[in-house]
$ cat upload-v1.csv   # CSV, C-alpha atoms and all ligand atoms
chain,number,residue,atom,x,y,z
A,1,MET,CA,136.0,85.6,101.6
A,2,GLY,CA,135.1,85.3,98.0
A,3,THR,CA,132.5,87.3,96.1
A,4,VAL,CA,129.4,86.4,94.0
A,5,SER,CA,128.4,88.2,90.9
A,6,THR,CA,124.9,88.3,89.5
A,7,GLU,CA,122.7,90.2,87.0
A,8,ALA,CA,120.5,92.7,88.7
A,9,TRP,CA,118.3,95.8,88.3
A,10,VAL,CA,120.0,98.2,90.7
A,11,LEU,CA,119.2,101.6,92.1
A,12,PRO,CA,122.2,103.9,91.5
A,13,SER,CA,123.1,106.6,94.0
A,14,ALA,CA,122.4,110.3,93.2
A,15,ALA,CA,126.2,110.6,92.6
A,16,ARG,CA,125.9,108.1,89.8
A,17,ARG,CA,122.6,109.4,88.4
A,18,PRO,CA,122.1,113.0,89.6
A,19,LYS,CA,119.1,113.9,87.4
A,20,GLN,CA,116.6,111.1,88.0
A,21,ALA,CA,116.5,107.8,89.8
A,22,GLU,CA,115.8,104.8,87.7
A,23,LEU,CA,116.7,101.1,87.9
A,24,ILE,CA,119.6,100.1,85.6
A,25,ARG,CA,120.6,96.6,84.6
A,26,GLU,CA,124.2,95.6,85.5
A,27,THR,CA,126.4,93.0,87.1
A,28,TYR,CA,126.2,93.3,90.8
A,29,THR,CA,129.0,91.8,93.0
A,30,PHE,CA,128.7,91.1,96.7
A,31,PRO,CA,130.6,89.2,99.4
A,32,ASP,CA,129.9,85.5,99.6
A,33,ILE,CA,127.6,84.2,102.4
A,34,THR,CA,128.6,84.0,106.1
A,35,SER,CA,127.6,81.0,108.3
A,36,ASN,CA,124.0,82.3,109.0
A,37,GLU,CA,123.3,83.4,105.4
A,38,VAL,CA,121.9,81.7,102.3
A,39,LEU,CA,122.3,82.2,98.6
A,40,ALA,CA,118.9,82.1,96.9
A,41,LYS,CA,117.3,82.5,93.5
A,42,PRO,CA,114.3,84.8,93.5
A,43,ILE,CA,111.5,83.3,91.5
A,44,TYR,CA,108.8,86.0,91.8
A,45,GLY,CA,108.9,89.5,93.3
A,46,CYS,CA,106.0,91.9,94.1
A,47,VAL,CA,106.2,95.6,93.6
A,48,GLU,CA,105.8,97.5,96.8
A,49,GLY,CA,105.4,101.2,97.9
A,50,ASN,CA,108.9,101.3,99.4
A,51,MET,CA,110.4,100.6,95.9
A,52,MET,CA,108.6,103.7,94.7
A,53,HIS,CA,109.8,105.7,97.6
A,54,ALA,CA,113.4,104.4,96.8
A,55,ILE,CA,113.2,105.3,93.1
A,56,THR,CA,111.8,108.7,93.7
A,57,ARG,CA,114.3,109.2,96.6
A,58,ASP,CA,111.4,110.4,98.7
A,59,PRO,CA,111.1,110.7,101.7
A,60,ILE,CA,114.7,109.5,101.9
A,61,ASP,CA,117.5,108.8,99.5
A,62,ILE,CA,118.3,105.3,100.6
A,63,CYS,CA,121.7,105.1,98.8
A,64,ALA,CA,122.8,108.1,100.8
A,65,GLU,CA,121.3,106.8,104.0
A,66,ARG,CA,123.1,103.5,103.5
A,67,GLY,CA,126.3,105.2,102.3
A,68,GLU,CA,126.3,102.9,99.2
A,69,ASP,CA,126.7,103.6,95.6
A,70,THR,CA,124.3,100.9,94.4
A,71,VAL,CA,121.4,99.2,96.1
A,72,VAL,CA,119.5,96.0,95.0
A,73,LEU,CA,115.8,96.7,96.0
A,74,GLY,CA,113.0,94.2,96.5
A,75,ASN,CA,111.7,93.1,99.9
A,76,ALA,CA,108.7,91.1,98.8
A,77,GLY,CA,108.8,87.8,96.9
A,78,VAL,CA,109.4,84.1,96.8
A,79,VAL,CA,112.9,82.5,96.5
A,80,ARG,CA,114.4,79.1,96.1
A,81,VAL,CA,117.4,78.3,98.5
A,82,ASP,CA,120.5,77.4,96.5
A,83,LYS,CA,123.2,77.2,99.2
A,84,ILE,CA,123.2,77.5,103.0
A,85,GLY,CA,125.9,78.7,105.4
A,86,SER,CA,127.3,76.2,107.9
A,87,ASP,CA,125.1,77.4,110.9
A,88,VAL,CA,121.8,77.7,109.1
A,89,THR,CA,119.1,75.5,110.7
A,90,HIS,CA,115.7,77.0,109.6
A,91,VAL,CA,115.9,76.3,105.9
A,92,ARG,CA,117.4,73.7,103.6
A,93,GLU,CA,118.8,73.8,100.1
A,94,GLY,CA,116.0,73.5,97.6
A,95,ASP,CA,113.4,75.0,100.0
A,96,THR,CA,110.9,77.5,98.5
A,97,CYS,CA,110.5,80.4,100.9
A,98,LEU,CA,108.8,83.7,101.4
A,99,VAL,CA,111.1,86.7,101.8
A,100,PHE,CA,110.6,88.1,105.3
A,101,GLY,CA,111.7,91.7,104.6
A,102,VAL,CA,113.2,92.8,107.9
A,103,GLY,CA,116.8,94.1,107.7
A,104,GLU,CA,117.3,95.0,111.3
A,105,TRP,CA,115.4,94.1,114.5
A,106,ASP,CA,115.2,95.8,117.9
A,107,ALA,CA,115.8,93.9,121.2
A,108,TYR,CA,112.1,92.8,121.2
A,109,GLY,CA,112.0,91.4,117.7
A,110,TYR,CA,110.2,94.4,116.1
A,111,PRO,CA,111.6,95.6,112.8
A,112,VAL,CA,113.7,98.7,112.7
A,113,LYS,CA,115.0,98.8,109.1
A,114,ALA,CA,113.8,97.0,105.9
A,115,LEU,CA,115.7,94.5,103.8
A,116,GLY,CA,116.6,95.8,100.4
A,117,TYR,CA,115.6,99.3,101.5
A,118,ASP,CA,117.1,101.3,104.3
A,119,ALA,CA,119.1,98.4,106.0
A,120,ALA,CA,122.8,98.9,104.9
A,121,GLY,CA,124.4,95.9,103.2
A,122,THR,CA,121.2,94.0,102.5
A,123,MET,CA,120.0,93.1,99.1
A,124,GLY,CA,116.5,92.2,97.7
A,125,VAL,CA,114.9,90.3,94.9
A,126,PHE,CA,115.7,92.5,91.9
A,127,ALA,CA,118.7,90.2,91.2
A,128,LYS,CA,119.0,86.8,89.6
A,129,THR,CA,120.9,85.6,92.8
A,130,THR,CA,120.5,87.2,96.2
A,131,LYS,CA,121.9,86.8,99.7
A,132,LEU,CA,119.7,86.6,102.7
A,133,HIS,CA,120.0,85.9,106.5
A,134,GLU,CA,118.1,82.7,107.4
A,135,LYS,CA,115.8,84.9,109.6
A,136,GLN,CA,114.8,86.7,106.4
A,137,LEU,CA,113.2,83.5,105.0
A,138,ILE,CA,110.0,81.6,105.9
A,139,PRO,CA,109.4,78.2,104.1
A,140,ILE,CA,106.2,78.2,102.2
A,141,PRO,CA,103.8,75.5,103.6
A,142,THR,CA,104.4,72.2,101.9
A,143,GLY,CA,101.5,71.1,99.7
A,144,THR,CA,100.0,74.7,99.6
A,145,THR,CA,97.3,75.0,96.9
A,146,TYR,CA,98.1,78.7,96.4
A,147,SER,CA,100.4,79.8,93.6
A,148,LEU,CA,103.9,81.2,94.1
A,149,GLN,CA,102.6,84.5,92.6
A,150,GLN,CA,100.1,84.7,95.4
A,151,TRP,CA,102.8,84.0,98.1
A,152,ALA,CA,105.0,86.6,96.5
A,153,ALA,CA,102.1,89.1,96.8
A,154,PHE,CA,101.5,88.0,100.3
A,155,SER,CA,105.0,88.3,101.6
A,156,LEU,CA,105.1,92.0,102.5
A,157,ARG,CA,101.6,93.5,102.3
A,158,TYR,CA,99.7,90.6,104.0
A,159,VAL,CA,102.2,90.2,106.8
A,160,THR,CA,102.2,94.0,107.4
A,161,ALA,CA,98.4,94.0,107.4
A,162,TRP,CA,98.4,91.1,110.0
A,163,GLY,CA,100.7,93.0,112.3
A,164,ASN,CA,98.9,96.3,112.0
A,165,TRP,CA,95.5,94.8,112.5
A,166,ARG,CA,96.5,93.0,115.7
A,167,VAL,CA,97.5,96.2,117.4
A,168,ALA,CA,94.7,98.3,116.0
A,169,TYR,CA,92.0,95.9,117.0
A,170,GLU,CA,93.4,95.4,120.5
A,171,CYS,CA,93.5,99.2,120.9
A,172,TRP,CA,89.9,99.4,119.8
A,173,GLN,CA,88.9,96.8,122.3
A,174,SER,CA,90.8,98.5,125.1
A,175,GLN,CA,88.0,101.1,125.1
A,176,MET,CA,85.1,99.3,123.5
A,177,LYS,CA,85.1,95.8,125.1
A,178,GLY,CA,82.0,93.6,124.4
A,179,ILE,CA,80.9,95.5,121.3
A,180,PRO,CA,79.9,92.8,118.7
A,181,THR,CA,82.2,92.8,115.7
A,182,LYS,CA,79.2,93.4,113.3
A,183,GLU,CA,79.0,96.9,114.9
A,184,VAL,CA,82.7,97.6,114.3
A,185,VAL,CA,83.1,99.7,111.1
A,186,VAL,CA,86.5,99.4,109.4
A,187,CYS,CA,87.3,101.8,106.6
A,188,ALA,CA,90.4,102.3,104.5
A,189,TRP,CA,91.9,104.4,101.8
A,190,GLY,CA,93.1,102.3,98.8
A,191,GLY,CA,96.2,100.1,98.6
A,192,GLY,CA,97.2,96.4,98.8
A,193,VAL,CA,97.9,96.6,102.6
A,194,SER,CA,94.5,98.1,103.2
A,195,PHE,CA,92.8,95.5,101.0
A,196,ALA,CA,94.5,92.7,102.9
A,197,GLN,CA,93.5,94.2,106.3
A,198,LEU,CA,89.9,94.8,105.3
A,199,ALA,CA,89.7,91.2,104.1
A,200,LEU,CA,90.9,90.2,107.6
A,201,ALA,CA,88.4,92.5,109.3
A,202,LYS,CA,85.6,91.1,107.1
A,203,HIS,CA,86.6,87.6,108.1
A,204,PHE,CA,86.2,88.6,111.8
A,205,GLY,CA,82.7,89.9,111.0
A,206,CYS,CA,83.3,93.7,110.9
A,207,GLN,CA,81.6,96.0,108.4
A,208,THR,CA,84.2,97.0,105.8
A,209,ILE,CA,84.5,100.0,103.4
A,210,MET,CA,87.3,100.9,101.0
A,211,VAL,CA,87.8,104.3,99.3
A,212,CYS,CA,89.3,103.6,95.9
A,213,SER,CA,89.2,104.4,92.2
A,214,GLN,CA,89.3,102.4,89.0
A,215,PRO,CA,86.7,99.9,87.7
A,216,GLU,CA,88.9,96.8,88.2
A,217,ARG,CA,89.3,97.7,91.9
A,218,LEU,CA,85.6,98.3,92.4
A,219,ALA,CA,85.0,94.9,90.8
A,220,LEU,CA,87.5,93.2,93.1
A,221,LEU,CA,86.0,94.8,96.2
A,222,LYS,CA,82.5,93.8,95.1
A,223,ALA,CA,83.7,90.2,94.6
A,224,SER,CA,85.4,90.2,98.0
A,225,GLY,CA,82.3,91.5,99.8
A,226,ILE,CA,83.9,94.9,100.8
A,227,ASP,CA,81.8,98.0,100.3
A,228,ALA,CA,83.4,100.6,98.1
A,229,ILE,CA,83.4,104.4,97.7
A,230,ASP,CA,84.7,105.5,94.3
A,231,ARG,CA,86.8,108.6,95.1
A,232,SER,CA,87.0,109.5,91.4
A,233,GLN,CA,83.4,110.6,91.5
A,234,PHE,CA,84.3,113.7,93.6
A,235,SER,CA,85.9,116.9,92.3
A,236,ASP,CA,88.8,118.5,94.2
A,237,ALA,CA,86.4,121.1,95.5
A,238,ASP,CA,83.8,118.7,97.0
A,239,PHE,CA,86.2,115.8,97.8
A,240,GLU,CA,86.2,116.1,101.6
A,241,GLN,CA,82.5,116.6,101.8
A,242,GLY,CA,81.8,113.9,99.3
A,243,VAL,CA,83.9,111.2,101.1
A,244,LEU,CA,82.6,112.2,104.5
A,245,GLY,CA,79.0,112.1,103.2
A,246,ALA,CA,79.4,108.7,101.6
A,247,ILE,CA,81.0,107.3,104.9
A,248,ALA,CA,78.2,108.8,107.0
A,249,GLU,CA,75.6,107.3,104.6
A,250,LYS,CA,77.2,103.8,104.8
A,251,THR,CA,77.5,103.9,108.6
A,252,ASN,CA,74.2,105.5,109.3
A,253,GLY,CA,76.0,108.5,110.8
A,254,ARG,CA,77.9,106.3,113.3
A,255,GLY,CA,81.3,107.0,111.8
A,256,VAL,CA,84.3,104.7,111.5
A,257,SER,CA,85.6,102.5,114.4
A,258,ILE,CA,89.0,101.7,112.8
A,259,PHE,CA,90.3,103.8,109.9
A,260,ILE,CA,93.3,102.4,108.0
A,261,ASP,CA,95.2,105.4,106.5
A,262,ASN,CA,98.4,104.5,104.8
A,263,ILE,CA,98.1,107.6,102.4
A,264,GLY,CA,99.0,110.4,104.9
A,265,THR,CA,99.1,114.1,104.3
A,266,PRO,CA,96.4,114.8,101.7
A,267,VAL,CA,93.7,112.7,103.3
A,268,HIS,CA,94.6,112.6,107.1
A,269,ARG,CA,92.2,115.4,108.0
A,270,ILE,CA,89.3,113.5,106.4
A,271,THR,CA,90.3,110.3,108.1
A,272,LEU,CA,90.1,112.0,111.5
A,273,LYS,CA,86.8,113.6,110.8
A,274,ALA,CA,85.3,110.3,109.7
A,275,LEU,CA,86.3,108.6,113.0
A,276,ALA,CA,83.6,107.7,115.6
A,277,ARG,CA,84.2,108.5,119.2
A,278,GLN,CA,86.7,106.0,120.7
A,279,GLY,CA,87.8,105.4,117.1
A,280,VAL,CA,91.2,104.1,116.1
A,281,ILE,CA,93.3,105.6,113.3
A,282,THR,CA,95.9,103.1,112.2
A,283,THR,CA,98.8,103.4,109.9
A,284,CYS,CA,102.0,101.8,108.7
A,285,GLY,CA,102.5,103.9,105.6
A,286,TRP,CA,102.8,107.4,104.1
A,287,LYS,CA,102.2,106.9,100.4
A,288,CYS,CA,101.4,110.6,99.7
A,289,GLY,CA,103.2,112.4,102.5
A,290,MET,CA,104.4,111.7,106.0
A,291,ARG,CA,103.6,114.9,107.9
A,292,THR,CA,100.2,115.4,109.4
A,293,LEU,CA,98.6,117.9,111.7
A,294,VAL,CA,96.7,116.8,114.8
A,295,THR,CA,94.6,119.0,117.1
A,296,ARG,CA,95.4,117.3,120.3
A,297,ALA,CA,92.4,118.6,122.3
A,298,ILE,CA,89.9,117.3,119.8
A,299,GLU,CA,91.7,113.9,119.6
A,300,CYS,CA,91.7,113.7,123.4
A,301,ILE,CA,88.0,114.7,123.8
A,302,ASN,CA,87.0,112.2,121.1
A,303,ARG,CA,89.2,109.5,122.7
A,304,HIS,CA,90.9,108.7,119.4
A,305,ILE,CA,93.7,106.2,119.6
A,306,HIS,CA,96.5,106.7,117.0
A,307,VAL,CA,98.3,103.4,116.0
A,308,HIS,CA,101.6,103.3,114.2
A,309,THR,CA,103.3,100.0,113.2
A,310,HIS,CA,106.1,98.9,111.0
A,311,PHE,CA,105.9,95.5,109.2
A,312,ALA,CA,105.9,92.6,111.8
A,313,THR,CA,107.8,90.3,114.1
A,314,CYS,CA,109.0,86.9,112.9
A,315,GLN,CA,106.2,85.3,115.0
A,316,GLU,CA,103.6,87.5,113.4
A,317,GLY,CA,104.9,86.5,110.0
A,318,LEU,CA,104.5,82.8,110.9
A,319,ASP,CA,101.0,83.4,112.4
A,320,ALA,CA,99.9,85.3,109.3
A,321,ILE,CA,101.0,82.4,107.0
A,322,GLN,CA,99.3,79.8,109.3
A,323,PHE,CA,96.1,81.9,109.3
A,324,ALA,CA,96.2,82.4,105.5
A,325,GLN,CA,96.6,78.7,104.8
A,326,THR,CA,93.7,77.7,107.1
A,327,HIS,CA,91.3,80.5,106.4
A,328,ASP,CA,91.8,81.3,102.7
A,329,TRP,CA,93.1,84.8,103.4
A,330,MET,CA,95.2,85.3,100.3
A,331,PRO,CA,95.7,87.9,97.6
A,332,PRO,CA,93.9,87.1,94.3
A,333,HIS,CA,95.9,85.1,91.8
A,334,ASP,CA,96.7,87.3,88.8
A,335,GLU,CA,97.6,85.7,85.5
A,336,HIS,CA,99.6,88.7,84.4
A,337,VAL,CA,103.2,88.6,85.5
A,338,TRP,CA,105.7,91.2,84.4
A,339,ALA,CA,108.8,89.8,82.7
A,340,TRP,CA,112.4,90.4,84.0
A,341,ASP,CA,113.1,92.6,81.0
A,342,GLU,CA,110.0,94.7,81.6
A,343,ILE,CA,111.0,95.8,85.1
A,344,PRO,CA,111.7,99.5,84.3
A,345,GLN,CA,108.4,99.8,82.5
A,346,MET,CA,106.6,98.1,85.4
A,347,MET,CA,108.1,100.5,87.9
A,348,ASP,CA,107.2,103.5,85.7
A,349,ALA,CA,103.7,102.3,85.4
A,350,TYR,CA,103.4,101.7,89.2
A,351,VAL,CA,104.9,105.2,90.1
A,352,ASN,CA,102.4,106.8,87.7
A,353,GLY,CA,99.4,104.9,89.2
A,354,ALA,CA,98.9,103.1,85.9
A,355,ILE,CA,98.6,99.5,87.3
A,356,SER,CA,95.2,98.5,88.5
A,357,THR,CA,96.1,95.4,90.5
A,358,TYR,CA,97.0,95.9,94.1
A,359,PHE,CA,99.7,93.2,93.7
A,360,PRO,CA,101.9,93.6,90.7
A,361,VAL,CA,104.1,90.5,90.4
A,362,PHE,CA,107.2,90.2,88.3
A,363,ALA,CA,109.3,87.1,87.3
A,364,VAL,CA,113.0,86.9,88.2
A,365,ASN,CA,113.9,83.2,87.6
A,366,ALA,CA,110.4,81.8,87.1
A,367,GLU,CA,110.1,79.0,84.6
A,368,ARG,CA,106.8,78.4,82.8
A,369,ASP,CA,106.1,75.3,84.9
A,370,GLU,CA,107.1,76.9,88.3
A,371,ASP,CA,103.6,76.6,89.7
A,372,GLU,CA,102.7,73.2,88.4
A,401,LIG,N1,105.8,100.2,107.3
A,401,LIG,C1,105.6,99.1,106.6
A,401,LIG,O1,106.0,98.0,107.1
A,401,LIG,C2,104.9,99.1,105.3
A,401,LIG,C3,104.6,97.9,104.7
A,401,LIG,C4,103.9,98.0,103.5
A,401,LIG,C5,103.5,99.2,102.9
A,401,LIG,N2,103.9,100.4,103.6
A,401,LIG,C6,103.6,101.7,103.0
A,401,LIG,O2,102.2,101.9,103.0
A,401,LIG,C7,101.8,102.7,102.0
A,401,LIG,C8,100.7,102.1,101.2
A,401,LIG,O3,101.1,100.8,100.7
A,401,LIG,P1,100.2,99.9,99.8
A,401,LIG,O4,101.1,98.8,99.3
A,401,LIG,O5,99.0,99.5,100.5
A,401,LIG,O6,99.8,100.9,98.6
A,401,LIG,P2,99.6,100.6,97.1
A,401,LIG,O7,99.2,99.2,96.9
A,401,LIG,O8,100.8,101.1,96.4
A,401,LIG,O9,98.4,101.6,96.8
A,401,LIG,C9,98.2,102.9,97.1
A,401,LIG,C10,96.8,103.3,96.7
A,401,LIG,O10,96.5,104.5,97.4
A,401,LIG,C11,95.5,105.1,96.6
A,401,LIG,N3,95.8,106.5,96.6
A,401,LIG,C12,96.9,107.1,96.0
A,401,LIG,N4,96.8,108.4,96.1
A,401,LIG,C13,95.7,108.7,96.9
A,401,LIG,C14,95.2,109.9,97.4
A,401,LIG,N5,95.7,111.1,97.2
A,401,LIG,N6,94.1,109.8,98.1
A,401,LIG,C15,93.5,108.6,98.3
A,401,LIG,N7,94.0,107.4,97.9
A,401,LIG,C16,95.1,107.5,97.2
A,401,LIG,C17,95.5,104.5,95.2
A,401,LIG,O11,94.3,103.7,95.1
A,401,LIG,P3,92.9,104.2,94.5
A,401,LIG,O12,93.3,105.0,93.3
A,401,LIG,O13,92.2,103.0,94.1
A,401,LIG,O14,92.3,105.0,95.5
A,401,LIG,C18,96.8,103.7,95.2
A,401,LIG,O15,96.7,102.6,94.4
A,401,LIG,C19,103.1,103.0,101.1
A,401,LIG,O16,103.6,104.2,101.5
A,401,LIG,C20,104.0,101.8,101.5
A,401,LIG,O17,105.3,102.1,101.4
A,401,LIG,C21,104.6,100.3,104.7
$ encode --input "upload-v1.csv" --output "structure tokens" --more "lines below"
Ligand SMILES: NC(=O)c1ccc[n+]([C@@H]2O[C@H](COP(=O)([O-])OP(=O)(O)OC[C@H]3O[C@@H](n4cnc5c(N)ncnc54)[C@H](OP(=O)(O)O)[C@@H]3O)[C@@H](O)[C@H]2O)c1
Amino acid sequence: MGTVSTEAWVLPSAARRPKQAELIRETYTFPDITSNEVLAKPIYGCVEGNMMHAITRDPIDICAERGEDTVVLGNAGVVRVDKIGSDVTHVREGDTCLVFGVGEWDAYGYPVKALGYDAAGTMGVFAKTTKLHEKQLIPIPTGTTYSLQQWAAFSLRYVTAWGNWRVAYECWQSQMKGIPTKEVVVCAWGGGVSFAQLALAKHFGCQTIMVCSQPERLALLKASGIDAIDRSQFSDADFEQGVLGAIAEKTNGRGVSIFIDNIGTPVHRITLKALARQGVITTCGWKCGMRTLVTRAIECINRHIHVHTHFATCQEGLDAIQFAQTHDWMPPHDEHVWAWDEIPQMMDAYVNGAISTYFPVFAVNAERDEDE
């Protein structure tokens, strides 16, 4: 089998860069496609939390986990198919597709490992040419009126939100059947997945609240009809009391029915305190720490359900896209796109919390007229 070489921003192993992890630009060479794989040109990618976890090597060192010296990250984006293997049936050459970021599935179709992250031998969109299994691509609906930047932003966060919402809402209903959705309070800590999930909850008629910071985010939430609590107004000393007080005020003391917490350790205690009886705490992420403390007796007595999910099945991906197309459930279109050359600066800014959009999009092979 031959090989393919491409320009890429790669994550070097700790053996190569012991002091700090950073993306470096180099020529990356990989084995040519097998019969079920395709070669594709990434057009746009979207920065995701897992890329930050990879670069900071926290909570895991993915190069060590994969036993590889170099990894091409990037499990969110839009690609154009260049060449297909002889057994590929789902996509054709020239198709524009969403990256579906699963690297390894279990026997029931649920994701175990992520493409371009902890799944060994996989590569993502931080490369001018990438290699994907056909199951890692979903064609973008023909005639879509949404921009390719929006679909790039959609590909990971919105599909994750769809999968997590389905389980969380069914869990809520398992104890609270017949309660009208207008009485269901859904609250979340900040982040693109949470924003997508709250937009979904709002669509179904729930009361929605997001705890966030930064004026741009407050403006986006206002425009989206999602109530906001500005966490920057509270000092460290009165943070817990302040957030709980604001939630109590907005829910008339009823508490939160479904709390989306993808932040983890520093806020988990507040999340649990804010939950109503029969409440659901739901998560797919651990942005600021993965270990949490639970007092089992209190959780049992309050009949709290704890939901944990990881991305989505292929069917959930297809359902999410279909729903988005027909119900205008899409990330906002952002004019600002980071250039290929600016990728290290973009990642620095993201890791340091200096990007206000929830969906930072970067160009890989985008032409100026890509969206026309
Ligand atoms: N398992 C999966 O399939 C999956 C899929 C997608 C994402 N994830 C994970 O889910 C997590 C969240 O991802 P995301 O993309 O939604 O996040 P994100 O867009 O990167 O945003 C995280 C936001 O959290 C808020 N925040 C940061 N520190 C905080 C703190 N100490 N207290 C309260 N809020 C804080 C900040 O918003 P404000 O400053 O506005 O509050 C920040 O912008 C990440 O760990 C990501 O890796 C998992």
$ axis_aligned_box --input "upload-v1.csv" --around "ligand LIG 401 (chain A)" --padding-each-side "4 Å" --output "JSON"
{"center_x": 99.1, "center_y": 104.5, "center_z": 100.3, "size_x": 21.8, "size_y": 21.2, "size_z": 22.0}
$ residues_near_point --input "upload-v1.csv" --point "(117.1, 72.6, 98.4)" --cutoff "12 Å" --atoms "all atoms listed in the file" --output "list of chain:residue names"
A:Val38, A:Leu39, A:Ala40, A:Lys41, A:Val79, A:Arg80, A:Val81, A:Asp82, A:Lys83, A:Ile84, A:Val91, A:Arg92, A:Glu93, A:Gly94, A:Asp95, A:Thr96, A:Cys97, A:Pro139
$ residues_near_ligand --input "upload-v1.csv" --ligand "ligand LIG 401 (chain A)" --cutoff "7 Å" --atoms "all atoms listed in the file" --output "mmCIF file with C-alpha atoms, in the coordinates of the input"
data_model
loop_
_atom_site.group_PDB
_atom_site.id
_atom_site.type_symbol
_atom_site.label_atom_id
_atom_site.label_comp_id
_atom_site.auth_asym_id
_atom_site.auth_seq_id
_atom_site.Cartn_x
_atom_site.Cartn_y
_atom_site.Cartn_z
ATOM 1 C CA GLU A 48 105.800 97.500 96.800
ATOM 2 C CA GLY A 49 105.400 101.200 97.900
ATOM 3 C CA ASN A 50 108.900 101.300 99.400
ATOM 4 C CA HIS A 53 109.800 105.700 97.600
ATOM 5 C CA LEU A 156 105.100 92.000 102.500
ATOM 6 C CA ARG A 157 101.600 93.500 102.300
ATOM 7 C CA THR A 160 102.200 94.000 107.400
ATOM 8 C CA TRP A 189 91.900 104.400 101.800
ATOM 9 C CA GLY A 190 93.100 102.300 98.800
ATOM 10 C CA GLY A 191 96.200 100.100 98.600
ATOM 11 C CA GLY A 192 97.200 96.400 98.800
ATOM 12 C CA VAL A 193 97.900 96.600 102.600
ATOM 13 C CA SER A 194 94.500 98.100 103.200
ATOM 14 C CA VAL A 211 87.800 104.300 99.300
ATOM 15 C CA CYS A 212 89.300 103.600 95.900
ATOM 16 C CA SER A 213 89.200 104.400 92.200
ATOM 17 C CA GLN A 214 89.300 102.400 89.000
ATOM 18 C CA ARG A 217 89.300 97.700 91.900
ATOM 19 C CA ARG A 231 86.800 108.600 95.100
ATOM 20 C CA ASN A 262 98.400 104.500 104.800
ATOM 21 C CA ILE A 263 98.100 107.600 102.400
ATOM 22 C CA PRO A 266 96.400 114.800 101.700
ATOM 23 C CA VAL A 267 93.700 112.700 103.300
ATOM 24 C CA CYS A 284 102.000 101.800 108.700
ATOM 25 C CA GLY A 285 102.500 103.900 105.600
ATOM 26 C CA TRP A 286 102.800 107.400 104.100
ATOM 27 C CA LYS A 287 102.200 106.900 100.400
ATOM 28 C CA CYS A 288 101.400 110.600 99.700
ATOM 29 C CA THR A 309 103.300 100.000 113.200
ATOM 30 C CA HIS A 310 106.100 98.900 111.000
ATOM 31 C CA PHE A 311 105.900 95.500 109.200
ATOM 32 C CA GLY A 353 99.400 104.900 89.200
ATOM 33 C CA TYR A 358 97.000 95.900 94.100
ATOM 34 C CA PHE A 359 99.700 93.200 93.700
#
$ residues_around --input "upload-v1.csv" --residues "A:Ala366" --least-positions-apart "3" --cutoff "12 Å" --atoms "only C-alpha atoms" --output "JSON, numbers by chain"
{"A": [41, 42, 43, 44, 45, 77, 78, 79, 80, 128, 148, 149, 152, 337, 338, 339, 340, 361, 362, 363, 369, 370, 371, 372]}
$ atom_distance --input "upload-v1.csv" --atom1 "atom CA of A:Pro12" --atom2 "atom CA of A:Glu37"
24.8 Å
$ residues_near_point --input "upload-v1.csv" --point "(118.9, 100.7, 103.7)" --cutoff "6 Å" --atoms "all atoms listed in the file" --output "list in words"
Ile62, Arg66, Tyr117, Asp118, Ala119 and Ala120 of chain A
$ residues_around --input "upload-v1.csv" --residues "A:Asn302" --least-positions-apart "2" --cutoff "10 Å" --atoms "only C-alpha atoms" --output "VMD selection string"
chain A and resid 275 to 279 296 to 300 304 to 305
$ closest_residue --input "upload-v1.csv" --among "A:Ile33, A:Leu220, A:Leu244, A:Cys171" --to "A:Ile270" --atoms "all atoms listed in the file"
A:Leu244
$ closest_residue --input "upload-v1.csv" --among "A:Val307, A:Ile301, A:Ala14, A:Leu23" --to "A:Arg166" --atoms "all atoms listed in the file"
A:Val307
$ closest_residue --input "upload-v1.csv" --among "A:Asn164, A:Ser174, A:Thr251, A:Thr292" --to "A:Cys206" --atoms "all atoms listed in the file"
A:Thr251
$ atom_distance --input "upload-v1.csv" --atom1 "atom CA of A:Glu134" --atom2 "atom CA of A:His90"
6.6 Å
$ atom_distance --input "upload-v1.csv" --atom1 "atom CA of A:Glu249" --atom2 "atom CA of A:Cys187"
13.1 Å
$ residues_around --input "upload-v1.csv" --residues "A:Ala21" --least-positions-apart "4" --cutoff "9 Å" --atoms "all atoms listed in the file" --output "list in words"
Leu11, Pro12, Ser13, Ala14, Arg17, Ala54, Ile55, Thr56 and Arg57 of chain A
$ closest_residue --input "upload-v1.csv" --among "A:Val186, A:Thr282, A:Glu342, A:Leu137" --to "A:Ser155" --atoms "all atoms listed in the file"
A:Leu137
$ closest_residue --input "upload-v1.csv" --among "A:Ala127, A:Pro18, A:Gln207, A:Pro141" --to "A:Thr326" --atoms "all atoms listed in the file"
A:Pro141
$ closest_residue --input "upload-v1.csv" --among "A:Met330, A:Lys250, A:Gly163, A:Val47" --to "A:Tyr110" --atoms "only C-alpha atoms"
A:Gly163
